[in-house]
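Visitor: Dropping a structure here in structure tokens format, bear with me for questions.
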Amino acid sequence: MLTGRRGSRFIRQFDGPGADSGIVCFRFWQLVPAGGCPYRCAYCFLQTTPWFRFRPDELHGLVYTNTDDMLRELDAWLADPTPKMMIVGELQDGLVFEKACKKVTGRPLTHWLVPRFAAQSRHRLIFLTKSTEVDHALELEPTPQVVFSWSVNAEDVAARWEHGTPLPSQRFAAARRMKAAGWPVRFRLDPMVPYEGWRSGYEAAVHEINRIGPEMVTLGALRATSAKSLRAAAKKNGRDDSIFDFLTEERDPSGFKYRIPFDVQLELFRFAIDRLDARIVPALCKEDQAIWRALELPFRGCHCLLDAGDALVAAAPADVQALRGEVRNAAGQPAPGGPPQFVRLRRRSGP
């Protein structure tokens with residue numbers, strides 16, 4: 001594991017899609033305590049980012065040593081009176097560096113961050129991970145201000161295209177431990193792919209999600225900014241590039257990403273949402289608003305936000321903001337005004 005000082009800021013905002021884009025995503029806040037990831041997921045976008053293309057040795061993990069600088073930035077961020085969510089795990093895995101961080105800085109990352117969020121009630125922190133390294137987190141008192149979120153998939157997808165990661169069954173076990181200890185939990189079922197036998201694989205994944213009962217599940221399908229570049233990078237890094245066979249040669253309606261076919265996306269998402277327990281809030285990750293509307297899915301927040309009332313939503317295009325109010329009653333008619341309430345999609349006949 002490499003170590004080094006971070007010269008740029010530890011806290012940054014996601015650039016996000018353009019101001020006129022129909023993609024439902026926001027300029028969420030990220031903390032970057034480390035870089036890269038020791039896991040070898042075939043579809044990982046970090047493989048094509050300029051930083052790691054020119055520093056390939058850092059792709060597998062770099063822990064930053066100037067913790068004091070990170071904490072000074074964090075304290076200033078926490079002083080902002082506007083409630084916000086911060087994510088650890090967008091540019092690296094959120095928990096996989098726990099032991100390395102303890103060795104390098106004297107404490108696991110969770111022990112540096114969680115007490116600061118627990119000491120206030122405005123902001124929340126979310127760790128996004130494929131790791132099962134939860135022992136250090138379990139040493140701390142649970143707080144509603146810190147969420148632990150697992151990126152999960154069907155077992156077959158993980159075994160083939162998420163090399164080096166714990167299997168989803170192991171991630172679910174770690175999530176159960178955290179939930180039982182009193183911590184808020186979320187999931188990202190992402191990237192979904194229509195591999196042979198996908199219905200049984202995703203039915204099993206949704207069953208495990210329902211058993212745990214997270215506060216939110218965000219769904220996403222396979223996507224790439226440049227499918228050719230990401231495939232080439234995966235090949236160069238010795239990763240199975242066959243997953244990119246599922247992508248089309250056309251971008252989504254907003255021109256943001258290459259996707260799997262639109263109707264296949266709908267089928268995957270409907271399959272999962274139809275089987276989610278009604279108490280779990282569903283959302284989509286970086287998907288075009290056309291998908292939200294085709295699913296008749298009102299916006300109640302997404303993975304990296306507090307909820308639908310997050311201040312970042314107010315900065316989104318008006319048609320994206322309107323998704324918060326597009327609520328339909330059981331007859332499929334627009335519901336009266338008021339805050340959005342999730343309405344289960346009508347089940348389709350067949351599998």
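How things are named: the first chain in the structure tokens is A, the next is B, and so on; residues count from 1 in each chain; ligands count from 1 in the order shown.
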Write out as a PyMOL selection string each polymer residue whose atoms come within 9 Å of Asn237 in chain A, counting only C-alpha atoms; drop sequence neighbours fewer than 4 positions from it.
Guide: chain A and resi 40+42+47+232-233
Visitor: Taking only C-alpha atoms into account, produce a table as CSV in which each residue of range 242-297 of chain A with an atom at most 12 Å from an atom of range 147-168 of chain A appears once, together with its shortest atom pair and the distance in Å to one decimal, ordered by chain and rising number.
Guide:
residue,atom,partner,partner_atom,distance
A:Ser242,CA,A:Trp161,CA,8.6
A:Ile243,CA,A:Trp161,CA,7.2
A:Phe244,CA,A:Trp161,CA,10.5
A:Ala272,CA,A:Asn153,CA,11.5
A:Cys285,CA,A:Ser151,CA,11.8
Visitor: Taking only C-alpha atoms into account, produce a table as CSV in which each residue of range 59-148 of chain A with an atom at most 6 Å from an atom of range 3-8 of chain A appears once, together with its shortest atom pair and the distance in Å to one decimal, ordered by chain and rising number.
Guide:
residue,atom,partner,partner_atom,distance
A:Leu62,CA,A:Thr3,CA,5.3
A:Val63,CA,A:Thr3,CA,4.7
A:Tyr64,CA,A:Gly4,CA,5.1
A:Thr65,CA,A:Arg5,CA,5.3
A:Asn66,CA,A:Arg5,CA,5.5
Visitor: Between CA of Arg55 in chain A and CA of Gln92 in chain A, what is the distance, to one decimal in Å?
Guide: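 Computing it gives 14.9 Å between the two atoms.
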Visitor: Which residues of range 212-327 of chain A have any atom within 8 Å of an atom in range 14-26 of chain A when counting only C-alpha atoms, and what is the closest pair of atoms for each, with the distance in Å to one decimal? Order the rows by chain and rising number and write it as JSON lines.
Guide:
{"residue": "A:Pro253", "atom": "CA", "partner": "A:Gly22", "partner_atom": "CA", "distance": 7.9}
{"residue": "A:Ser254", "atom": "CA", "partner": "A:Gly22", "partner_atom": "CA", "distance": 5.7}
{"residue": "A:Phe256", "atom": "CA", "partner": "A:Pro17", "partner_atom": "CA", "distance": 7.2}
{"residue": "A:Cys285", "atom": "CA", "partner": "A:Cys25", "partner_atom": "CA", "distance": 7.2}
{"residue": "A:Lys286", "atom": "CA", "partner": "A:Cys25", "partner_atom": "CA", "distance": 5.2}
{"residue": "A:Glu287", "atom": "CA", "partner": "A:Ile23", "partner_atom": "CA", "distance": 5.5}
{"residue": "A:Asp288", "atom": "CA", "partner": "A:Ile23", "partner_atom": "CA", "distance": 4.2}
{"residue": "A:Gln289", "atom": "CA", "partner": "A:Gly22", "partner_atom": "CA", "distance": 5.5}
{"residue": "A:Ala290", "atom": "CA", "partner": "A:Gly22", "partner_atom": "CA", "distance": 7.8}
{"residue": "A:Leu312", "atom": "CA", "partner": "A:Phe26", "partner_atom": "CA", "distance": 6.4}
{"residue": "A:Val313", "atom": "CA", "partner": "A:Phe26", "partner_atom": "CA", "distance": 6.9}
{"residue": "A:Ala316", "atom": "CA", "partner": "A:Phe26", "partner_atom": "CA", "distance": 7.0}
{"residue": "A:Pro317", "atom": "CA", "partner": "A:Ala19", "partner_atom": "CA", "distance": 6.4}
{"residue": "A:Asp319", "atom": "CA", "partner": "A:Gly22", "partner_atom": "CA", "distance": 7.6}
{"residue": "A:Val320", "atom": "CA", "partner": "A:Val24", "partner_atom": "CA", "distance": 6.3}
Visitor: Smallest atom-to-atom distance to Arg188 in chain A: which of A:Asp75, A:Asp245, A:Glu215, A:Glu203, using only C-alpha atoms?
Guide: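 Counting only C-alpha atoms, the residue closest to Arg188 in chain A is A:Glu215.
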Visitor: If DSSP is run on the backbone, what residues of range 2-183 of chain A are strand (DSSP E)? A reply as a ChimeraX atom specification would be ideal.
Guide: /A:2-4,11-13,23-24,29-31,34-35,40-41,62-64,85-88,124-129,146-152,162-163
Visitor: Please produce an output containing C-alpha atoms for each residue in the selection, written as a PDB file, in the first residue's frame.
Guide:
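Generated output (again.pdb):
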ATOM      1  CA  LEU A   2       1.430   3.366  -1.031  1.00  0.00           C
ATOM      2  CA  THR A   3       1.357   6.448   1.203  1.00  0.00           C
ATOM      3  CA  GLY A   4       1.823  10.140   0.514  1.00  0.00           C
ATOM      4  CA  ILE A  11     -13.188  17.888   0.168  1.00  0.00           C
ATOM      5  CA  ARG A  12     -14.581  18.420  -3.310  1.00  0.00           C
ATOM      6  CA  GLN A  13     -17.898  18.526  -5.109  1.00  0.00           C
ATOM      7  CA  ILE A  23     -29.524  13.249 -15.788  1.00  0.00           C
ATOM      8  CA  VAL A  24     -30.794  13.005 -12.219  1.00  0.00           C
ATOM      9  CA  TRP A  29     -19.890  16.354  -1.559  1.00  0.00           C
ATOM     10  CA  GLN A  30     -16.937  13.955  -1.482  1.00  0.00           C
ATOM     11  CA  LEU A  31     -14.165  13.383   1.031  1.00  0.00           C
ATOM     12  CA  ALA A  34      -7.272   7.907   0.077  1.00  0.00           C
ATOM     13  CA  GLY A  35      -7.021   7.249  -3.630  1.00  0.00           C
ATOM     14  CA  ARG A  40     -10.211  -5.052  -9.472  1.00  0.00           C
ATOM     15  CA  CYS A  41     -13.743  -4.457 -10.738  1.00  0.00           C
ATOM     16  CA  LEU A  62      -2.785   5.309  -1.843  1.00  0.00           C
ATOM     17  CA  VAL A  63      -3.357   6.388   1.772  1.00  0.00           C
ATOM     18  CA  TYR A  64      -2.822  10.065   2.550  1.00  0.00           C
ATOM     19  CA  MET A  85     -24.396  14.765   3.065  1.00  0.00           C
ATOM     20  CA  MET A  86     -20.742  13.834   2.580  1.00  0.00           C
ATOM     21  CA  ILE A  87     -19.653  10.616   0.888  1.00  0.00           C
ATOM     22  CA  VAL A  88     -16.476   8.623   1.415  1.00  0.00           C
ATOM     23  CA  ARG A 124     -24.512  13.253   7.631  1.00  0.00           C
ATOM     24  CA  LEU A 125     -21.612  11.110   6.454  1.00  0.00           C
ATOM     25  CA  ILE A 126     -21.979   8.020   4.265  1.00  0.00           C
ATOM     26  CA  PHE A 127     -19.327   5.340   3.733  1.00  0.00           C
ATOM     27  CA  LEU A 128     -19.769   3.538   0.386  1.00  0.00           C
ATOM     28  CA  THR A 129     -17.946   0.227   0.201  1.00  0.00           C
ATOM     29  CA  VAL A 146     -23.327   8.321   9.851  1.00  0.00           C
ATOM     30  CA  VAL A 147     -24.598   5.840   7.259  1.00  0.00           C
ATOM     31  CA  PHE A 148     -22.863   2.698   6.019  1.00  0.00           C
ATOM     32  CA  SER A 149     -23.715   1.775   2.446  1.00  0.00           C
ATOM     33  CA  TRP A 150     -22.755  -1.302   0.463  1.00  0.00           C
ATOM     34  CA  SER A 151     -22.402  -1.602  -3.281  1.00  0.00           C
ATOM     35  CA  VAL A 152     -23.915  -5.011  -4.021  1.00  0.00           C
ATOM     36  CA  GLU A 162     -15.687  -7.729  -9.331  1.00  0.00           C
ATOM     37  CA  HIS A 163     -12.417  -9.556  -8.779  1.00  0.00           C
TER      38      HIS A 163
END
Visitor: Run DSSP on the backbone and grab whatever in range 162-322 of chain A lands in alpha helix (DSSP H); send it over as a PDB file with C-alpha atoms, in the first residue's frame.
Guide:
ATOM      1  CA  PRO A 168     -22.208  -9.881  -2.029  1.00  0.00           C
ATOM      2  CA  SER A 169     -23.266 -12.542   0.485  1.00  0.00           C
ATOM      3  CA  GLN A 170     -20.319 -11.464   2.642  1.00  0.00           C
ATOM      4  CA  ARG A 171     -21.154  -7.776   2.185  1.00  0.00           C
ATOM      5  CA  PHE A 172     -24.737  -8.448   3.249  1.00  0.00           C
ATOM      6  CA  ALA A 173     -23.400 -10.203   6.354  1.00  0.00           C
ATOM      7  CA  ALA A 174     -21.316  -7.124   7.228  1.00  0.00           C
ATOM      8  CA  ALA A 175     -24.341  -4.883   6.673  1.00  0.00           C
ATOM      9  CA  ARG A 176     -26.428  -7.065   9.000  1.00  0.00           C
ATOM     10  CA  ARG A 177     -23.795  -6.653  11.717  1.00  0.00           C
ATOM     11  CA  MET A 178     -23.865  -2.874  11.375  1.00  0.00           C
ATOM     12  CA  LYS A 179     -27.652  -2.679  11.258  1.00  0.00           C
ATOM     13  CA  ALA A 180     -27.945  -4.921  14.343  1.00  0.00           C
ATOM     14  CA  ALA A 181     -25.530  -2.627  16.185  1.00  0.00           C
ATOM     15  CA  TRP A 198     -30.191 -12.391 -14.058  1.00  0.00           C
ATOM     16  CA  ARG A 199     -33.707 -12.750 -12.661  1.00  0.00           C
ATOM     17  CA  SER A 200     -32.753 -15.391 -10.110  1.00  0.00           C
ATOM     18  CA  GLY A 201     -29.568 -13.528  -9.202  1.00  0.00           C
ATOM     19  CA  TYR A 202     -31.251 -10.195  -8.607  1.00  0.00           C
ATOM     20  CA  GLU A 203     -34.246 -11.761  -6.889  1.00  0.00           C
ATOM     21  CA  ALA A 204     -31.828 -13.268  -4.362  1.00  0.00           C
ATOM     22  CA  ALA A 205     -30.060  -9.913  -3.916  1.00  0.00           C
ATOM     23  CA  VAL A 206     -33.331  -8.034  -3.342  1.00  0.00           C
ATOM     24  CA  HIS A 207     -34.415 -10.733  -0.875  1.00  0.00           C
ATOM     25  CA  GLU A 208     -31.280 -10.062   1.184  1.00  0.00           C
ATOM     26  CA  ILE A 209     -31.856  -6.301   0.982  1.00  0.00           C
ATOM     27  CA  ASN A 210     -35.416  -6.725   2.257  1.00  0.00           C
ATOM     28  CA  ARG A 211     -34.204  -8.900   5.148  1.00  0.00           C
ATOM     29  CA  ILE A 212     -31.837  -6.153   6.304  1.00  0.00           C
ATOM     30  CA  ALA A 227     -17.101   2.416 -23.473  1.00  0.00           C
ATOM     31  CA  LYS A 228     -14.133   1.868 -25.784  1.00  0.00           C
ATOM     32  CA  SER A 229     -11.663   3.557 -23.442  1.00  0.00           C
ATOM     33  CA  LEU A 230     -12.929   1.719 -20.378  1.00  0.00           C
ATOM     34  CA  ARG A 231     -12.867  -1.629 -22.184  1.00  0.00           C
ATOM     35  CA  ALA A 232      -9.305  -0.972 -23.333  1.00  0.00           C
ATOM     36  CA  ALA A 233      -8.244   0.009 -19.800  1.00  0.00           C
ATOM     37  CA  ALA A 234      -9.845  -3.125 -18.338  1.00  0.00           C
ATOM     38  CA  LYS A 235      -7.976  -5.281 -20.854  1.00  0.00           C
ATOM     39  CA  LYS A 236      -4.710  -3.506 -20.116  1.00  0.00           C
ATOM     40  CA  PHE A 262     -33.403   1.498 -22.584  1.00  0.00           C
ATOM     41  CA  ASP A 263     -36.078  -1.216 -22.511  1.00  0.00           C
ATOM     42  CA  VAL A 264     -33.662  -3.615 -20.814  1.00  0.00           C
ATOM     43  CA  GLN A 265     -32.871  -1.006 -18.170  1.00  0.00           C
ATOM     44  CA  LEU A 266     -36.584  -0.617 -17.507  1.00  0.00           C
ATOM     45  CA  GLU A 267     -37.013  -4.357 -17.148  1.00  0.00           C
ATOM     46  CA  LEU A 268     -34.115  -4.637 -14.700  1.00  0.00           C
ATOM     47  CA  PHE A 269     -35.274  -1.719 -12.569  1.00  0.00           C
ATOM     48  CA  ARG A 270     -38.941  -2.759 -12.559  1.00  0.00           C
ATOM     49  CA  PHE A 271     -37.950  -6.280 -11.556  1.00  0.00           C
ATOM     50  CA  ALA A 272     -36.032  -4.972  -8.535  1.00  0.00           C
ATOM     51  CA  ILE A 273     -38.507  -2.256  -7.484  1.00  0.00           C
ATOM     52  CA  ASP A 274     -41.481  -4.629  -7.726  1.00  0.00           C
ATOM     53  CA  ARG A 275     -39.757  -6.884  -5.200  1.00  0.00           C
ATOM     54  CA  GLN A 289     -35.067  11.540 -16.087  1.00  0.00           C
ATOM     55  CA  ALA A 290     -36.727   9.585 -18.920  1.00  0.00           C
ATOM     56  CA  ILE A 291     -36.110   6.404 -16.914  1.00  0.00           C
ATOM     57  CA  TRP A 292     -37.624   7.906 -13.752  1.00  0.00           C
ATOM     58  CA  ARG A 293     -40.739   8.939 -15.660  1.00  0.00           C
ATOM     59  CA  ALA A 294     -41.064   5.629 -17.498  1.00  0.00           C
ATOM     60  CA  LEU A 295     -40.982   3.891 -14.112  1.00  0.00           C
ATOM     61  CA  ALA A 318     -36.451  22.564 -13.106  1.00  0.00           C
ATOM     62  CA  ASP A 319     -37.564  19.384 -14.897  1.00  0.00           C
ATOM     63  CA  VAL A 320     -35.379  17.290 -12.574  1.00  0.00           C
ATOM     64  CA  GLN A 321     -36.741  19.109  -9.509  1.00  0.00           C
TER      65      GLN A 321
END
Visitor: Out of A:Phe10, A:Phe28, A:Tyr39, A:Glu249, which residue has the shortest atom-to-atom distance to Ala315 in chain A when counting only C-alpha atoms?
Guide: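 Ranked by minimum distance to Ala315 in chain A, first place goes to A:Phe28.
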